[in-house]
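J.: Dropping in model26.tsv, with TSV, N, CA and C atoms.
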chain	number	residue	atom	x	y	z
J	498	MET	N	-19.63	13.42	-12.14
J	498	MET	CA	-18.63	12.40	-12.33
J	498	MET	C	-17.42	12.65	-11.43
J	499	GLY	N	-17.07	13.88	-11.14
J	499	GLY	CA	-15.92	14.20	-10.32
J	499	GLY	C	-16.04	13.66	-8.91
J	500	LYS	N	-17.22	13.82	-8.30
J	500	LYS	CA	-17.43	13.32	-6.94
J	500	LYS	C	-17.43	11.80	-6.91
J	501	GLU	N	-17.97	11.19	-7.94
J	501	GLU	CA	-17.99	9.73	-8.00
J	501	GLU	C	-16.56	9.18	-8.11
J	502	LEU	N	-15.74	9.82	-8.93
J	502	LEU	CA	-14.35	9.41	-9.08
J	502	LEU	C	-13.59	9.62	-7.78
J	503	LEU	N	-13.87	10.71	-7.10
J	503	LEU	CA	-13.24	11.00	-5.82
J	503	LEU	C	-13.59	9.92	-4.80
J	504	PHE	N	-14.86	9.56	-4.73
J	504	PHE	CA	-15.31	8.53	-3.80
J	504	PHE	C	-14.68	7.18	-4.13
J	505	LYS	N	-14.67	6.80	-5.39
J	505	LYS	CA	-14.06	5.54	-5.80
J	505	LYS	C	-12.56	5.52	-5.50
J	506	SER	N	-11.93	6.68	-5.65
J	506	SER	CA	-10.49	6.78	-5.36
J	506	SER	C	-10.22	6.56	-3.88
J	507	TYR	N	-11.04	7.16	-3.02
J	507	TYR	CA	-10.90	6.92	-1.58
J	507	TYR	C	-11.09	5.44	-1.26
J	508	MET	N	-12.06	4.82	-1.88
J	508	MET	CA	-12.30	3.39	-1.64
J	508	MET	C	-11.09	2.55	-2.07
J	509	LEU	N	-10.52	2.88	-3.23
J	509	LEU	CA	-9.36	2.13	-3.70
J	509	LEU	C	-8.16	2.34	-2.77
J	510	LEU	N	-7.93	3.57	-2.35
J	510	LEU	CA	-6.83	3.84	-1.42
J	510	LEU	C	-7.00	3.05	-0.13
J	511	PHE	N	-8.21	3.01	0.38
J	511	PHE	CA	-8.50	2.27	1.59
J	511	PHE	C	-8.22	0.78	1.40
J	512	GLU	N	-8.68	0.22	0.30
J	512	GLU	CA	-8.46	-1.20	0.01
J	512	GLU	C	-6.97	-1.50	-0.19
J	513	ILE	N	-6.26	-0.61	-0.86
J	513	ILE	CA	-4.82	-0.80	-1.07
J	513	ILE	C	-4.11	-0.80	0.28
J	514	GLU	N	-4.46	0.14	1.14
J	514	GLU	CA	-3.80	0.21	2.45
J	514	GLU	C	-4.07	-1.05	3.27
J	515	ILE	N	-5.29	-1.52	3.29
J	515	ILE	CA	-5.63	-2.74	4.04
J	515	ILE	C	-4.84	-3.93	3.49
J	516	THR	N	-4.77	-4.04	2.18
J	516	THR	CA	-4.05	-5.14	1.55
J	516	THR	C	-2.57	-5.07	1.87
J	517	LEU	N	-1.98	-3.87	1.78
J	517	LEU	CA	-0.56	-3.73	2.10
J	517	LEU	C	-0.29	-4.09	3.56
J	518	VAL	N	-1.14	-3.64	4.45
J	518	VAL	CA	-0.95	-3.95	5.87
J	518	VAL	C	-1.07	-5.46	6.10
J	519	ASN	N	-1.99	-6.12	5.43
J	519	ASN	CA	-2.11	-7.58	5.55
J	519	ASN	C	-0.83	-8.28	5.09
J	520	ILE	N	-0.29	-7.83	3.97
J	520	ILE	CA	0.96	-8.41	3.45
J	520	ILE	C	2.10	-8.16	4.43
J	521	ILE	N	2.23	-6.93	4.86
J	521	ILE	CA	3.30	-6.56	5.78
J	521	ILE	C	3.17	-7.36	7.08
J	522	GLU	N	1.98	-7.41	7.62
J	522	GLU	CA	1.79	-8.11	8.89
J	522	GLU	C	2.15	-9.59	8.77
J	523	HIS	N	1.71	-10.23	7.71
J	523	HIS	CA	2.02	-11.65	7.52
J	523	HIS	C	3.53	-11.88	7.47
J	524	LYS	N	4.22	-11.12	6.64
J	524	LYS	CA	5.66	-11.31	6.48
J	524	LYS	C	6.44	-10.93	7.73
J	525	MET	N	6.04	-9.86	8.38
J	525	MET	CA	6.78	-9.39	9.56
J	525	MET	C	6.54	-10.29	10.77
J	526	ILE	N	5.33	-10.82	10.93
J	526	ILE	CA	5.07	-11.74	12.04
J	526	ILE	C	5.90	-13.01	11.85
J	527	THR	N	6.02	-13.45	10.61
J	527	THR	CA	6.83	-14.63	10.32
J	527	THR	C	8.28	-14.41	10.76
J	528	GLN	N	8.81	-13.21	10.53
J	528	GLN	CA	10.20	-12.92	10.83
J	528	GLN	C	10.43	-12.49	12.29
J	529	TYR	N	9.58	-11.59	12.79
J	529	TYR	CA	9.83	-10.96	14.09
J	529	TYR	C	8.82	-11.32	15.16
J	530	GLY	N	7.80	-12.08	14.82
J	530	GLY	CA	6.75	-12.36	15.79
J	530	GLY	C	5.90	-11.12	16.00
J	531	ARG	N	5.28	-11.06	17.13
J	531	ARG	CA	4.35	-9.94	17.42
J	531	ARG	C	5.06	-8.61	17.63
J	532	LEU	N	6.39	-8.61	17.68
J	532	LEU	CA	7.14	-7.36	17.87
J	532	LEU	C	7.28	-6.56	16.57
J	533	TRP	N	6.72	-7.07	15.48
J	533	TRP	CA	6.91	-6.40	14.20
J	533	TRP	C	6.41	-4.96	14.22
J	534	ARG	N	5.37	-4.67	14.98
J	534	ARG	CA	4.84	-3.30	15.01
J	534	ARG	C	5.86	-2.33	15.60
J	535	GLN	N	6.59	-2.76	16.61
J	535	GLN	CA	7.63	-1.91	17.17
J	535	GLN	C	8.73	-1.67	16.14
J	536	VAL	N	9.07	-2.71	15.39
J	536	VAL	CA	10.07	-2.57	14.32
J	536	VAL	C	9.56	-1.58	13.28
J	537	PHE	N	8.30	-1.72	12.90
J	537	PHE	CA	7.71	-0.84	11.89
J	537	PHE	C	7.77	0.62	12.33
J	538	PHE	N	7.31	0.90	13.54
J	538	PHE	CA	7.27	2.29	14.00
J	538	PHE	C	8.67	2.84	14.27
J	539	ALA	N	9.58	2.01	14.73
J	539	ALA	CA	10.95	2.48	14.97
J	539	ALA	C	11.66	2.78	13.65
J	540	GLU	N	11.43	1.94	12.65
J	540	GLU	CA	12.11	2.12	11.37
J	540	GLU	C	11.42	3.14	10.46
J	541	CYS	N	10.11	3.18	10.51
J	541	CYS	CA	9.39	3.88	9.45
J	541	CYS	C	8.49	5.02	9.91
J	542	GLY	N	8.20	5.17	11.15
J	542	GLY	CA	7.28	6.21	11.56
J	542	GLY	C	5.85	5.72	11.45
J	543	THR	N	4.93	6.64	11.25
J	543	THR	CA	3.52	6.26	11.33
J	543	THR	C	2.75	6.31	10.02
J	544	ASP	N	3.24	7.00	9.02
J	544	ASP	CA	2.48	7.11	7.78
J	544	ASP	C	2.96	6.08	6.76
J	545	LEU	N	2.10	5.13	6.46
J	545	LEU	CA	2.46	4.03	5.58
J	545	LEU	C	2.95	4.52	4.22
J	546	TYR	N	2.23	5.45	3.61
J	546	TYR	CA	2.56	5.87	2.25
J	546	TYR	C	3.89	6.62	2.17
J	547	ASP	N	4.19	7.41	3.17
J	547	ASP	CA	5.43	8.18	3.14
J	547	ASP	C	6.66	7.32	3.39
J	548	ASN	N	6.47	6.10	3.87
J	548	ASN	CA	7.59	5.26	4.25
J	548	ASN	C	7.65	3.93	3.54
J	549	LEU	N	6.93	3.79	2.46
J	549	LEU	CA	6.88	2.50	1.77
J	549	LEU	C	8.25	2.02	1.32
J	550	LEU	N	9.03	2.89	0.69
J	550	LEU	CA	10.34	2.46	0.20
J	550	LEU	C	11.22	1.97	1.34
J	551	LEU	N	11.28	2.73	2.42
J	551	LEU	CA	12.09	2.32	3.57
J	551	LEU	C	11.57	1.02	4.16
J	552	LEU	N	10.28	0.91	4.30
J	552	LEU	CA	9.68	-0.28	4.88
J	552	LEU	C	10.00	-1.52	4.06
J	553	PHE	N	9.87	-1.44	2.75
J	553	PHE	CA	10.10	-2.61	1.92
J	553	PHE	C	11.58	-2.87	1.67
J	554	ARG	N	12.44	-2.09	2.27
J	554	ARG	CA	13.87	-2.40	2.26
J	554	ARG	C	14.23	-3.28	3.46
J	555	LEU	N	13.29	-3.47	4.40
J	555	LEU	CA	13.53	-4.38	5.51
J	555	LEU	C	13.64	-5.79	4.97
J	556	ASN	N	14.51	-6.56	5.55
J	556	ASN	CA	14.84	-7.89	5.03
J	556	ASN	C	13.65	-8.78	4.70
J	557	PRO	N	12.69	-8.98	5.59
J	557	PRO	CA	11.61	-9.92	5.26
J	557	PRO	C	10.70	-9.44	4.12
J	558	LEU	N	10.69	-8.15	3.84
J	558	LEU	CA	9.79	-7.61	2.83
J	558	LEU	C	10.49	-7.34	1.50
J	559	ARG	N	11.78	-7.50	1.49
J	559	ARG	CA	12.59	-7.11	0.34
J	559	ARG	C	12.19	-7.80	-0.96
J	560	THR	N	11.72	-9.01	-0.89
J	560	THR	CA	11.44	-9.78	-2.11
J	560	THR	C	9.99	-9.66	-2.59
J	561	ILE	N	9.18	-8.90	-1.92
J	561	ILE	CA	7.76	-8.85	-2.27
J	561	ILE	C	7.50	-8.04	-3.54
J	562	PHE	N	8.02	-6.83	-3.59
J	562	PHE	CA	7.75	-5.95	-4.72
J	562	PHE	C	9.04	-5.59	-5.44
J	563	THR	N	8.97	-5.46	-6.76
J	563	THR	CA	10.11	-5.00	-7.53
J	563	THR	C	10.28	-3.49	-7.30
J	564	ASP	N	11.42	-2.97	-7.70
J	564	ASP	CA	11.65	-1.53	-7.56
J	564	ASP	C	10.62	-0.72	-8.33
J	565	HIS	N	10.24	-1.21	-9.50
J	565	HIS	CA	9.22	-0.51	-10.30
J	565	HIS	C	7.88	-0.51	-9.56
J	566	GLU	N	7.52	-1.64	-8.97
J	566	GLU	CA	6.27	-1.71	-8.22
J	566	GLU	C	6.31	-0.81	-6.99
J	567	LEU	N	7.47	-0.75	-6.34
J	567	LEU	CA	7.61	0.15	-5.18
J	567	LEU	C	7.46	1.61	-5.59
J	568	HIS	N	8.00	1.94	-6.75
J	568	HIS	CA	7.83	3.32	-7.25
J	568	HIS	C	6.35	3.61	-7.49
J	569	ASP	N	5.64	2.66	-8.06
J	569	ASP	CA	4.20	2.82	-8.25
J	569	ASP	C	3.50	3.04	-6.91
J	570	LEU	N	3.88	2.25	-5.92
J	570	LEU	CA	3.26	2.40	-4.60
J	570	LEU	C	3.55	3.76	-3.99
J	571	CYS	N	4.74	4.27	-4.23
J	571	CYS	CA	5.11	5.57	-3.64
J	571	CYS	C	4.31	6.71	-4.25
J	572	THR	N	3.81	6.55	-5.46
J	572	THR	CA	2.98	7.61	-6.04
J	572	THR	C	1.64	7.72	-5.30
J	573	LEU	N	1.32	6.70	-4.50
J	573	LEU	CA	0.09	6.76	-3.71
J	573	LEU	C	0.08	7.97	-2.78
J	574	ALA	N	1.24	8.33	-2.25
J	574	ALA	CA	1.31	9.49	-1.35
J	574	ALA	C	0.87	10.75	-2.09
J	575	ASP	N	1.31	10.91	-3.33
J	575	ASP	CA	0.92	12.09	-4.11
J	575	ASP	C	-0.59	12.09	-4.37
J	576	ILE	N	-1.12	10.94	-4.75
J	576	ILE	CA	-2.55	10.85	-5.01
J	576	ILE	C	-3.35	11.09	-3.73
J	577	LYS	N	-2.87	10.54	-2.63
J	577	LYS	CA	-3.54	10.73	-1.34
J	577	LYS	C	-3.57	12.22	-0.97
J	578	ASN	N	-2.48	12.93	-1.22
J	578	ASN	CA	-2.44	14.37	-0.91
J	578	ASN	C	-3.43	15.16	-1.75
J	579	VAL	N	-3.59	14.78	-3.02
J	579	VAL	CA	-4.59	15.43	-3.88
J	579	VAL	C	-5.98	15.19	-3.30
J	580	LEU	N	-6.24	13.96	-2.89
J	580	LEU	CA	-7.56	13.63	-2.35
J	580	LEU	C	-7.83	14.35	-1.02
J	581	LYS	N	-6.79	14.51	-0.21
J	581	LYS	CA	-6.96	15.22	1.07
J	581	LYS	C	-7.44	16.65	0.85
J	582	GLN	N	-7.01	17.24	-0.24
J	582	GLN	CA	-7.39	18.62	-0.55
J	582	GLN	C	-8.74	18.69	-1.25
J	583	LEU	N	-9.35	17.52	-1.43
J	583	LEU	CA	-10.63	17.41	-2.13
J	583	LEU	C	-10.57	17.99	-3.53
J	584	SER	N	-9.38	17.90	-4.11
J	584	SER	CA	-9.19	18.35	-5.49
J	584	SER	C	-9.67	17.25	-6.44
J	585	PRO	N	-10.10	17.65	-7.61
J	585	PRO	CA	-10.51	16.63	-8.59
J	585	PRO	C	-9.32	15.74	-8.93
J	586	ILE	N	-9.58	14.47	-9.03
J	586	ILE	CA	-8.52	13.51	-9.38
J	586	ILE	C	-8.64	13.22	-10.87
J	587	SER	N	-7.50	13.08	-11.51
J	587	SER	CA	-7.53	12.83	-12.95
J	587	SER	C	-7.87	11.36	-13.22
J	588	GLN	N	-8.34	11.12	-14.40
J	588	GLN	CA	-8.65	9.75	-14.80
J	588	GLN	C	-7.37	8.91	-14.80
J	589	ASP	N	-6.24	9.52	-15.18
J	589	ASP	CA	-4.97	8.80	-15.16
J	589	ASP	C	-4.60	8.36	-13.74
J	590	ASP	N	-4.77	9.26	-12.77
J	590	ASP	CA	-4.48	8.90	-11.38
J	590	ASP	C	-5.42	7.80	-10.91
J	591	PHE	N	-6.68	7.89	-11.27
J	591	PHE	CA	-7.63	6.85	-10.89
J	591	PHE	C	-7.24	5.51	-11.52
J	592	ASP	N	-6.88	5.54	-12.79
J	592	ASP	CA	-6.45	4.31	-13.46
J	592	ASP	C	-5.20	3.73	-12.79
J	593	HIS	N	-4.30	4.62	-12.36
J	593	HIS	CA	-3.10	4.19	-11.66
J	593	HIS	C	-3.47	3.53	-10.32
J	594	LEU	N	-4.39	4.12	-9.61
J	594	LEU	CA	-4.88	3.52	-8.36
J	594	LEU	C	-5.46	2.13	-8.61
J	595	ASN	N	-6.25	2.02	-9.63
J	595	ASN	CA	-6.86	0.75	-9.98
J	595	ASN	C	-5.80	-0.30	-10.32
J	596	HIS	N	-4.79	0.11	-11.06
J	596	HIS	CA	-3.68	-0.79	-11.41
J	596	HIS	C	-2.94	-1.26	-10.16
J	597	ILE	N	-2.65	-0.34	-9.27
J	597	ILE	CA	-1.96	-0.69	-8.03
J	597	ILE	C	-2.81	-1.62	-7.19
J	598	PHE	N	-4.10	-1.34	-7.11
J	598	PHE	CA	-5.00	-2.20	-6.34
J	598	PHE	C	-4.98	-3.63	-6.88
J	599	GLN	N	-5.05	-3.77	-8.18
J	599	GLN	CA	-5.01	-5.11	-8.78
J	599	GLN	C	-3.68	-5.80	-8.49
J	600	ASN	N	-2.59	-5.04	-8.55
J	600	ASN	CA	-1.26	-5.59	-8.30
J	600	ASN	C	-1.11	-6.07	-6.86
J	601	VAL	N	-1.49	-5.25	-5.89
J	601	VAL	CA	-1.33	-5.66	-4.50
J	601	VAL	C	-2.29	-6.78	-4.13
J	602	THR	N	-3.44	-6.83	-4.77
J	602	THR	CA	-4.38	-7.92	-4.52
J	602	THR	C	-3.80	-9.24	-5.01
J	603	LYS	N	-3.14	-9.22	-6.18
J	603	LYS	CA	-2.48	-10.42	-6.69
J	603	LYS	C	-1.35	-10.86	-5.77
J	604	LYS	N	-0.56	-9.88	-5.30
J	604	LYS	CA	0.55	-10.19	-4.39
J	604	LYS	C	0.02	-10.82	-3.11
J	605	LYS	N	-1.05	-10.28	-2.58
J	605	LYS	CA	-1.63	-10.81	-1.35
J	605	LYS	C	-2.08	-12.25	-1.58
J	606	ALA	N	-2.74	-12.51	-2.68
J	606	ALA	CA	-3.21	-13.87	-2.98
J	606	ALA	C	-2.06	-14.86	-3.09
J	607	LEU	N	-0.93	-14.41	-3.63
J	607	LEU	CA	0.22	-15.29	-3.76
J	607	LEU	C	0.96	-15.51	-2.44
J	608	LEU	N	1.00	-14.48	-1.60
J	608	LEU	CA	1.79	-14.52	-0.39
J	608	LEU	C	1.08	-15.07	0.83
J	609	LEU	N	-0.20	-14.83	0.93
J	609	LEU	CA	-0.93	-15.21	2.14
J	609	LEU	C	-1.72	-16.48	1.91
J	610	PRO	N	-1.69	-17.35	2.89
J	610	PRO	CA	-2.52	-18.55	2.76
J	610	PRO	C	-4.00	-18.16	2.77
J	611	ILE	N	-4.82	-18.98	2.18
J	611	ILE	CA	-6.25	-18.70	2.14
J	611	ILE	C	-6.78	-18.70	3.56
J	612	GLN	N	-7.51	-17.64	3.90
J	612	GLN	CA	-8.00	-17.48	5.27
J	612	GLN	C	-9.48	-17.63	5.32
Let me see the structure of the file written as structure tokens.
T.:
Amino acid sequence: MGKELLFKSYMLLFEIEITLVNIIEHKMITQYGRLWRQVFFAECGTDLYDNLLLLFRLNPLRTIFTDHELHDLCTLADIKNVLKQLSPISQDDFDHLNHIFQNVTKKKALLLPIQ
């Protein structure tokens, strides 16, 4: 069961990251055009999870997530670090990942036009 949970956790993290990048890209292209990537790297660096709070303080992204939701997203860095060490992940952490995945999927559906 531990390896299965580990694998599912990696899958959820991957899906969360793709969804967040889709949301960010849509909002930032609307505001800055194709230069949004330069803004992202200049403001936030390269690791999405370590810079979520700073990134979502940028004007076009400010209204997407509440502070509580941003705090939830920031715990992803801790969970990701546990997974990098191939340590067993707790059921609570997995449930948290699942909750975040559902939340960002709903946000994406509300924010992005059907593609």
J.: By how many Å are atom C of J:Ile586 and atom N of J:Thr563 apart?
T.: 26.0 Å
J.: Smallest atom-to-atom distance to J:Leu509: which of J:Ile597, J:Leu608, J:Ala574, J:Tyr529, using all atoms listed in the file?
T.: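 Selected residue with least distance to J:Leu509: J:Ile597.
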J.: Using all atoms listed in the file, can you tell me which of J:Leu552, J:Phe504, J:Ile576, J:Arg534 comes closest to J:Asp590?
T.: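 Of J:Leu552, J:Phe504, J:Ile576, J:Arg534, the one nearest J:Asp590, counting all atoms listed in the file, is J:Ile576.
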J.: What gap, in Å, lies between atom CA of J:Pro585 and atom N of J:Leu503?
T.: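 Going from atom CA of J:Pro585 over to atom N of J:Leu503, I get 7.0 Å.
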J.: Calculate how many Å separate atom CA of J:Thr572 from atom N of J:Leu532, rounding to one decimal.
T.: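 It comes out at 28.9 Å.
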J.: Can you report as lines of an AutoDock Vina configuration file the centre and edge lengths in Å, to one decimal, of an axis-aligned box around the listed atoms of stretch 591-609 of chain J padded with 6 Å on each side?
T.:
center_x = -2.9
center_y = -4.3
center_z = -5.7
size_x = 21.4
size_y = 36.4
size_z = 27.6
J.: Hey, which of J:His596, J:Lys577, J:Arg554, J:Lys605 ends up closest to J:Thr516? Count all atoms listed in the file.
T.: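 Selected residue with least distance to J:Thr516: J:Lys605.
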J.: Enumerate the residues of chain J with a DSSP assignment of helix (DSSP H, G or I), computed from the backbone, and present them as an MDAnalysis selection string.
T.: chainID J and resid 499:541 546:552 556:558 564:581 588:608
J.: Measuring between only N, CA and C atoms, which one of J:Ile561, J:Leu549, J:Cys571, J:Gly530 shows the shortest distance to J:Lys604?
T.: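 Ranking J:Ile561, J:Leu549, J:Cys571, J:Gly530 by distance to J:Lys604, first place goes to J:Ile561.
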